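Participant: My questions all concern the structure below.
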Amino acid sequence: MALLELKGVTKAYDALKVVDGFDLKVHRGELRCLLGPNGAGKTTTIDLITGRQKLTSGVVALDGTVISGWPEHMRVRAGLARKFQVPAVFKGLTVRQNLEAAFTRHLNPIRNMFVFRDAETQARIDEIVRLVNLKDRLSVRAEELSHGETQWLEIGMVLTQNPRILLMDEPTAGMTVQETHKTGEIFNALKGEHTLLVVEHDMGFVRQIADRVTVMHMGRFLAEGTIQEIEQNEEVKRVYLGKSGGHHA
């Protein structure tokens, strides 16, 4: 059984279908990349999975349970976690304090930061900072981090929730080549234990991380396979990669 499954998912605004009967299955421990040209419906699909937008029709299921009608907060509690393209961190807090605040046992994140300093929490934070390459930056305030480090911090904050699936919307946007490569190393370390669905444009990054790739075009399913199969797919070349293939959308 797929951990995440979309069946006939559609989002329409009057006669305009932004997502049109889209099907997708993501299996436990998999890192799936979702590709497509601008306007293909990728971010809207993520919005429909998380409940940020309402389906016109179709089904979203998590581990066999239909969650299509659930509000966003219930989907989060069920194990969906999303990282947006623009990172949202507490700029005036240190890396460690941001991670402590992300343990949402209380609605007030600052209360979390000061109340929950037990050994289990601290061990989990130590594990996360190793995963996201911030072990030596724990005492640095978030406002002093580079763009890439800020993105890694937010990934770490998402991981504190131990989600069943992480949804990443263009996680390498604005990163340097070196930061992008390090982000690929982080994602490769996460997959297997974690399940990830990543919307991305950088084909070099996709080659580095993807188990399988799904391509959308005009809101519909276009192709699916390994990165090698996708790069050789003639229809994908025509609508997305260009006739000779390419490194970016």
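Chain labels run A, B, ... following the order of the structure tokens; each chain numbers its residues from 1, and ligands are numbered from 1 in the order shown.
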Per DSSP on the backbone, filter stretch 74-183 of chain A down to the residues in strand (DSSP E or B) and report them as a PyMOL selection string.

Facilitator: chain A and resi 80-83+94+141+165-169

Participant: I need the chosen residues saved as a PDB file, in the first residue's frame, with N, CA and C atoms.

Facilitator:
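Written out: again.pdb:
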```
ATOM      1  N   LEU A  80       1.567  14.701   7.949  1.00  0.00           N
ATOM      2  CA  LEU A  80       1.998  15.480   6.789  1.00  0.00           C
ATOM      3  C   LEU A  80       2.776  16.705   7.263  1.00  0.00           C
ATOM      4  N   ALA A  81       3.931  16.943   6.670  1.00  0.00           N
ATOM      5  CA  ALA A  81       4.714  18.132   7.005  1.00  0.00           C
ATOM      6  C   ALA A  81       5.158  18.792   5.708  1.00  0.00           C
ATOM      7  N   ARG A  82       5.092  20.126   5.684  1.00  0.00           N
ATOM      8  CA  ARG A  82       5.425  20.858   4.464  1.00  0.00           C
ATOM      9  C   ARG A  82       6.471  21.920   4.737  1.00  0.00           C
ATOM     10  N   LYS A  83       7.436  21.998   3.835  1.00  0.00           N
ATOM     11  CA  LYS A  83       8.389  23.092   3.863  1.00  0.00           C
ATOM     12  C   LYS A  83       8.154  23.963   2.644  1.00  0.00           C
ATOM     13  N   THR A  94      18.532  31.401  18.398  1.00  0.00           N
ATOM     14  CA  THR A  94      19.633  30.579  17.900  1.00  0.00           C
ATOM     15  C   THR A  94      19.086  29.351  17.187  1.00  0.00           C
ATOM     16  N   ARG A 141      22.554  32.803  15.920  1.00  0.00           N
ATOM     17  CA  ARG A 141      21.176  33.254  15.695  1.00  0.00           C
ATOM     18  C   ARG A 141      20.799  33.035  14.228  1.00  0.00           C
ATOM     19  N   ILE A 165       5.479  11.929   6.168  1.00  0.00           N
ATOM     20  CA  ILE A 165       5.922  12.325   4.830  1.00  0.00           C
ATOM     21  C   ILE A 165       6.234  13.812   4.826  1.00  0.00           C
ATOM     22  N   LEU A 166       7.344  14.181   4.194  1.00  0.00           N
ATOM     23  CA  LEU A 166       7.751  15.580   4.078  1.00  0.00           C
ATOM     24  C   LEU A 166       7.487  16.047   2.657  1.00  0.00           C
ATOM     25  N   LEU A 167       6.813  17.181   2.530  1.00  0.00           N
ATOM     26  CA  LEU A 167       6.522  17.788   1.240  1.00  0.00           C
ATOM     27  C   LEU A 167       7.398  19.026   1.094  1.00  0.00           C
ATOM     28  N   MET A 168       8.281  19.036   0.107  1.00  0.00           N
ATOM     29  CA  MET A 168       9.259  20.111  -0.065  1.00  0.00           C
ATOM     30  C   MET A 168       9.004  20.835  -1.384  1.00  0.00           C
ATOM     31  N   ASP A 169       8.752  22.140  -1.317  1.00  0.00           N
ATOM     32  CA  ASP A 169       8.464  22.928  -2.507  1.00  0.00           C
ATOM     33  C   ASP A 169       9.698  23.748  -2.877  1.00  0.00           C
TER      34      ASP A 169
END
```

Participant: Tell me which protein, DNA and RNA residues are within 9 Å of A:Thr56, counting only C-alpha atoms, leaving out same-chain ones fewer than 3 positions away, and put them as a VMD selection string.

Facilitator: chain A and resid 9 to 13

Participant: Given the choices A:Glu193, A:Glu234, A:Glu100, A:Glu149, which gets closest to A:Leu222 if the distance is worked out from only C-alpha atoms?

Facilitator: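 Of the candidates, the smallest distance to A:Leu222 is held by A:Glu234.
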
Participant: So the first atom is atom CA of A:Phe205 and the second is atom CA of A:Gly79; what is the distance between them in Å, to one decimal place?

Facilitator: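 Computing it gives 25.7 Å between the two atoms.
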
Participant: Point out the residue among A:Glu127, A:Asp23, A:Glu5, A:Asp47 with the least atom-to-atom distance to A:Ala223, counting only C-alpha atoms.

Facilitator: A:Asp23

Participant: For atom CA of A:Gly156 and atom CA of A:Gln53, determine how far apart the two atoms are, in Å to one decimal place.

Facilitator: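 Straight-line distance from atom CA of A:Gly156 to atom CA of A:Gln53 works out to 25.4 Å.
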
Participant: Interatomic distance between atom CA of A:Asn133 and atom CA of A:Asn98?

Facilitator: 15.0 Å

Participant: Which residues are near A:Lys54? Cut-off 12 Å, only C-alpha atoms, ignore same chain within fewer than 4 positions. Put them as a JSON list (two decimals) with N, CA, C and O atoms, in the first residue's frame.

Facilitator:
```json
[["chain", "number", "residue", "atom", "x", "y", "z"],
["A", 9, "VAL", "N", -7.32, 13.51, -8.68],
["A", 9, "VAL", "CA", -7.35, 14.80, -8.00],
["A", 9, "VAL", "C", -7.50, 15.94, -9.00],
["A", 9, "VAL", "O", -6.74, 16.04, -9.97],
["A", 10, "THR", "N", -8.49, 16.78, -8.76],
["A", 10, "THR", "CA", -8.80, 17.89, -9.66],
["A", 10, "THR", "C", -9.04, 19.17, -8.86],
["A", 10, "THR", "O", -9.68, 19.15, -7.81],
["A", 11, "LYS", "N", -8.48, 20.27, -9.37],
["A", 11, "LYS", "CA", -8.76, 21.59, -8.83],
["A", 11, "LYS", "C", -9.15, 22.49, -9.98],
["A", 11, "LYS", "O", -8.35, 22.73, -10.89],
["A", 12, "ALA", "N", -10.40, 22.98, -9.97],
["A", 12, "ALA", "CA", -10.91, 23.78, -11.07],
["A", 12, "ALA", "C", -11.41, 25.12, -10.57],
["A", 12, "ALA", "O", -11.97, 25.23, -9.47],
["A", 13, "TYR", "N", -11.17, 26.14, -11.37],
["A", 13, "TYR", "CA", -11.74, 27.47, -11.16],
["A", 13, "TYR", "C", -12.64, 27.74, -12.36],
["A", 13, "TYR", "O", -12.14, 28.06, -13.45],
["A", 19, "VAL", "N", -5.37, 21.52, -11.81],
["A", 19, "VAL", "CA", -4.99, 20.10, -11.67],
["A", 19, "VAL", "C", -6.15, 19.30, -12.22],
["A", 19, "VAL", "O", -7.31, 19.55, -11.86],
["A", 44, "THR", "N", 0.06, 23.63, -6.64],
["A", 44, "THR", "CA", -1.36, 23.44, -6.32],
["A", 44, "THR", "C", -1.60, 22.01, -5.84],
["A", 44, "THR", "O", -2.39, 21.80, -4.90],
["A", 45, "THR", "N", -0.92, 21.04, -6.43],
["A", 45, "THR", "CA", -1.06, 19.65, -5.99],
["A", 45, "THR", "C", -0.61, 19.51, -4.53],
["A", 45, "THR", "O", -1.28, 18.84, -3.73],
["A", 46, "ILE", "N", 0.51, 20.15, -4.18],
["A", 46, "ILE", "CA", 0.96, 20.12, -2.79],
["A", 46, "ILE", "C", -0.07, 20.78, -1.88],
["A", 46, "ILE", "O", -0.37, 20.30, -0.78],
["A", 47, "ASP", "N", -0.65, 21.90, -2.34],
["A", 47, "ASP", "CA", -1.70, 22.58, -1.57],
["A", 47, "ASP", "C", -2.90, 21.65, -1.33],
["A", 47, "ASP", "O", -3.51, 21.67, -0.25],
["A", 48, "LEU", "N", -3.24, 20.85, -2.32],
["A", 48, "LEU", "CA", -4.39, 19.95, -2.19],
["A", 48, "LEU", "C", -4.07, 18.80, -1.24],
["A", 48, "LEU", "O", -4.94, 18.34, -0.50],
["A", 49, "ILE", "N", -2.84, 18.33, -1.25],
["A", 49, "ILE", "CA", -2.43, 17.26, -0.34],
["A", 49, "ILE", "C", -2.51, 17.75, 1.11],
["A", 49, "ILE", "O", -2.99, 17.04, 1.99],
["A", 50, "THR", "N", -2.03, 18.97, 1.35],
["A", 50, "THR", "CA", -1.97, 19.49, 2.72],
["A", 50, "THR", "C", -3.29, 20.09, 3.20],
["A", 50, "THR", "O", -3.44, 20.36, 4.39],
["A", 58, "GLY", "N", -11.92, 14.14, -6.54],
["A", 58, "GLY", "CA", -10.80, 13.23, -6.35],
["A", 58, "GLY", "C", -10.59, 12.89, -4.88],
["A", 58, "GLY", "O", -11.34, 13.33, -4.01],
["A", 59, "VAL", "N", -9.53, 12.10, -4.65],
["A", 59, "VAL", "CA", -9.27, 11.57, -3.31],
["A", 59, "VAL", "C", -7.79, 11.72, -2.97],
["A", 59, "VAL", "O", -6.92, 11.46, -3.80],
["A", 60, "VAL", "N", -7.52, 12.15, -1.72],
["A", 60, "VAL", "CA", -6.17, 12.10, -1.15],
["A", 60, "VAL", "C", -6.22, 11.15, 0.02],
["A", 60, "VAL", "O", -7.05, 11.29, 0.91],
["A", 67, "ILE", "N", -8.10, 11.42, 3.54],
["A", 67, "ILE", "CA", -7.99, 12.66, 4.32],
["A", 67, "ILE", "C", -8.47, 13.87, 3.52],
["A", 67, "ILE", "O", -8.27, 15.01, 3.94],
["A", 68, "SER", "N", -9.12, 13.62, 2.39],
["A", 68, "SER", "CA", -9.50, 14.71, 1.48],
["A", 68, "SER", "C", -10.31, 15.81, 2.15],
["A", 68, "SER", "O", -10.14, 16.99, 1.82],
["A", 69, "GLY", "N", -11.17, 15.46, 3.08],
["A", 69, "GLY", "CA", -12.03, 16.45, 3.72],
["A", 69, "GLY", "C", -11.48, 17.01, 5.01],
["A", 69, "GLY", "O", -12.14, 17.83, 5.66],
["A", 70, "TRP", "N", -10.30, 16.58, 5.40],
["A", 70, "TRP", "CA", -9.74, 17.02, 6.68],
["A", 70, "TRP", "C", -9.18, 18.43, 6.59],
["A", 70, "TRP", "O", -8.59, 18.81, 5.58],
["A", 71, "PRO", "N", -9.27, 19.23, 7.66],
["A", 71, "PRO", "CA", -8.61, 20.53, 7.68],
["A", 71, "PRO", "C", -7.09, 20.36, 7.80],
["A", 71, "PRO", "O", -6.60, 19.28, 8.14],
["A", 72, "GLU", "N", -6.37, 21.45, 7.53],
["A", 72, "GLU", "CA", -4.91, 21.38, 7.52],
["A", 72, "GLU", "C", -4.32, 20.84, 8.81],
["A", 72, "GLU", "O", -3.43, 19.98, 8.79]]
```

Participant: Measuring between only C-alpha atoms, which one of A:Gly41, A:Gly184, A:Pro87, A:Gly51 shows the shortest distance to A:Val18?

Facilitator: A:Gly41
